[in-house]
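*Asks:* Take a look at structure-v4.cif, mmCIF, C-alpha atoms:
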data_model
loop_
_atom_site.label_atom_id
_atom_site.label_comp_id
_atom_site.auth_asym_id
_atom_site.auth_seq_id
_atom_site.Cartn_x
_atom_site.Cartn_y
_atom_site.Cartn_z
CA ASN A 1 -1.95 -14.77 23.45
CA GLY A 2 -1.21 -12.48 26.32
CA ALA A 3 1.03 -9.70 27.55
CA THR A 4 2.65 -8.39 30.67
CA VAL A 5 3.47 -4.97 32.07
CA TYR A 6 6.55 -4.60 34.25
CA LEU A 7 8.39 -1.94 36.23
CA HIS A 8 11.99 -2.35 37.37
CA ARG A 9 15.03 -0.30 38.24
CA SER A 10 17.85 -0.06 35.71
CA GLY A 11 20.79 1.93 37.06
CA ASP A 12 19.58 5.44 37.90
CA HIS A 13 16.29 5.00 36.01
CA PHE A 14 13.08 3.02 36.18
CA VAL A 15 11.84 1.05 33.20
CA LEU A 16 8.11 0.65 32.56
CA GLY A 17 7.70 -1.99 29.89
CA TYR A 18 5.11 -3.92 27.97
CA GLY A 19 5.78 -7.32 26.48
CA MET A 20 3.57 -9.55 24.39
CA TYR A 21 4.09 -13.30 24.57
CA ASN A 22 3.72 -13.55 20.79
CA ARG A 23 5.22 -10.41 19.24
CA GLN A 24 4.25 -11.56 15.76
CA SER A 25 0.51 -11.67 16.48
CA ALA A 26 -1.81 -9.53 14.39
CA GLY A 27 -1.77 -5.91 15.54
CA GLY A 28 1.33 -6.38 17.69
CA ARG A 29 3.09 -3.27 16.45
CA GLN A 30 -0.01 -1.16 17.02
CA LEU A 31 -0.42 -2.54 20.55
CA TYR A 32 3.18 -1.67 21.42
CA ASP A 33 2.75 1.84 20.01
CA LEU A 34 -0.53 2.33 21.86
CA GLY A 35 0.98 1.00 25.09
CA VAL A 36 3.89 3.45 25.13
CA ALA A 37 1.71 6.40 24.06
CA VAL A 38 -0.78 5.71 26.85
CA GLY A 39 2.07 5.06 29.28
CA CYS A 40 3.83 8.36 28.52
CA ASN A 41 0.60 10.34 28.92
CA PHE A 42 -0.30 8.37 32.06
CA ILE A 43 3.04 9.23 33.71
CA ARG A 44 2.68 12.91 32.81
CA ALA A 45 -0.90 13.04 34.09
CA LEU A 46 -0.16 11.23 37.37
CA THR A 47 2.79 13.49 38.18
CA GLY A 48 1.33 16.76 36.91
CA GLY A 49 4.11 16.88 34.33
CA VAL A 50 6.87 16.61 36.96
CA ALA A 51 8.10 13.23 35.64
CA GLU A 52 8.91 13.07 31.95
CA PRO A 53 10.05 9.99 30.06
CA VAL A 54 13.81 9.99 29.43
CA GLU A 55 13.32 7.88 26.31
CA VAL A 56 11.10 5.25 24.73
CA SER A 57 12.43 1.99 23.31
CA LEU A 58 10.39 0.16 20.70
CA SER A 59 11.03 -3.41 19.60
CA HIS A 60 9.85 -2.89 16.06
CA ARG A 61 11.58 -1.58 12.96
CA PHE A 62 12.28 2.03 12.18
CA PRO A 63 9.12 3.63 10.71
CA LYS A 64 8.84 5.69 7.55
CA ASP A 65 7.91 8.74 9.63
CA LYS A 66 9.92 9.00 12.86
CA GLN A 67 8.66 12.56 13.50
CA THR A 68 5.16 11.31 14.28
CA TYR A 69 6.58 9.18 17.09
CA ILE A 70 8.68 12.04 18.47
CA GLN A 71 5.75 14.47 18.37
CA THR A 72 3.34 11.99 19.96
CA LEU A 73 5.65 10.66 22.67
CA GLN A 74 7.51 13.97 23.26
CA THR A 75 10.83 12.26 24.01
CA THR A 76 13.73 10.44 22.38
CA VAL A 77 12.53 7.31 20.57
CA LEU A 78 14.75 4.30 19.84
CA PHE A 79 13.74 1.57 17.38
CA ASN A 80 14.85 -2.05 16.83
CA GLN A 81 15.39 -2.50 20.57
CA ASP A 82 15.24 -5.77 22.53
CA HIS A 83 12.08 -4.67 24.35
CA THR A 84 9.40 -2.01 24.34
CA CYS A 85 9.55 0.30 27.33
CA ILE A 86 9.46 3.80 28.75
CA VAL A 87 12.59 4.89 30.63
CA LEU A 88 11.77 7.14 33.58
CA PRO A 89 14.00 9.29 35.81
#
Would you give me this structure, written as structure tokens?

*Replies:*
Amino acid sequence: NGATVYLHRSGDHFVLGYGMYNRQSAGGRQLYDLGVAVGCNFIRALTGGVAEPVEVSLSHRFPKDKQTYIQTLQTTVLFNQDHTCIVLP
């Protein structure tokens, strides 16, 4: 099992993503959630809060409590997406 982190341009934005080679492995959902939470805080810390995520896409199903995700990530959160990533300005 392994994973990759990528950064690429998508239109007017940059996409910072995290992809696991086997999404169904044990703890996969938690690793995706942890990755985007750390990534969002990392971007804010590196830029002194100047850069804020535009949105976060998660490749897993809609949770029971969406508010926890919104409060933690402090941005728009989309579920059931093709990939897990942070969209940056």

*Asks:* Any idea what's packed within 12 Å of Ile43 (chain A), counting all atoms listed in the file, ignoring anything in its chain fewer than 2 positions away? Could you give it as number ranges by chain?

*Replies:* A: 16, 36-41, 45-54, 73, 86-89

*Asks:* For this structure, which residues satisfy the selection - the PyMOL selection byres ((chain A and resi 77) around 12) - when it is evaluated on the file as given? I want them as number ranges by chain.

*Replies:* A: 33, 36-37, 40, 53-63, 65-76, 78-81, 84-87

*Asks:* Quick one: residues within 10 Å of Gly2 (chain A), all atoms listed in the file, excluding same-chain residues fewer than 6 positions away - as an MDAnalysis selection string?

*Replies:* chainID A and resid 19:23

*Asks:* Could you please take those selected residues and save C-alpha atoms as a PDB file, keeping the file's coordinate frame?

*Replies:*
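Below you can see out.pdb, which holds the result:
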ATOM      1  CA  GLY A  19       5.780  -7.320  26.480  1.00  0.00           C
ATOM      2  CA  MET A  20       3.570  -9.550  24.390  1.00  0.00           C
ATOM      3  CA  TYR A  21       4.090 -13.300  24.570  1.00  0.00           C
ATOM      4  CA  ASN A  22       3.720 -13.550  20.790  1.00  0.00           C
ATOM      5  CA  ARG A  23       5.220 -10.410  19.240  1.00  0.00           C
TER       6      ARG A  23
END

*Asks:* Quick one: pull the distance between CA of Leu34 (chain A) and CA of Phe14 (chain A), Å, one decimal.

*Replies:*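 Value for the CA of Leu34 (chain A)-CA of Phe14 (chain A) distance: 19.8 Å.
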
*Asks:* Identify which of the residues A:Asp82, A:Val5, A:Gln30, A:Gly35 lies closest to Gly17 (chain A), counting all atoms listed in the file when measuring atom-to-atom distances.

*Replies:*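 Residue with the minimum atom-to-atom distance to Gly17 (chain A): A:Val5.
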
*Asks:* To one decimal in Å, tell me the separation between CA of Tyr32 (chain A) and CA of Asp12 (chain A).

*Replies:*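 Taking CA of Tyr32 (chain A) and CA of Asp12 (chain A), their separation equals 24.3 Å.
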
*Asks:* May I ask for the distance between CA of Arg44 (chain A) and CA of Leu31 (chain A), given in Å to one decimal place?

*Replies:* 20.0 Å
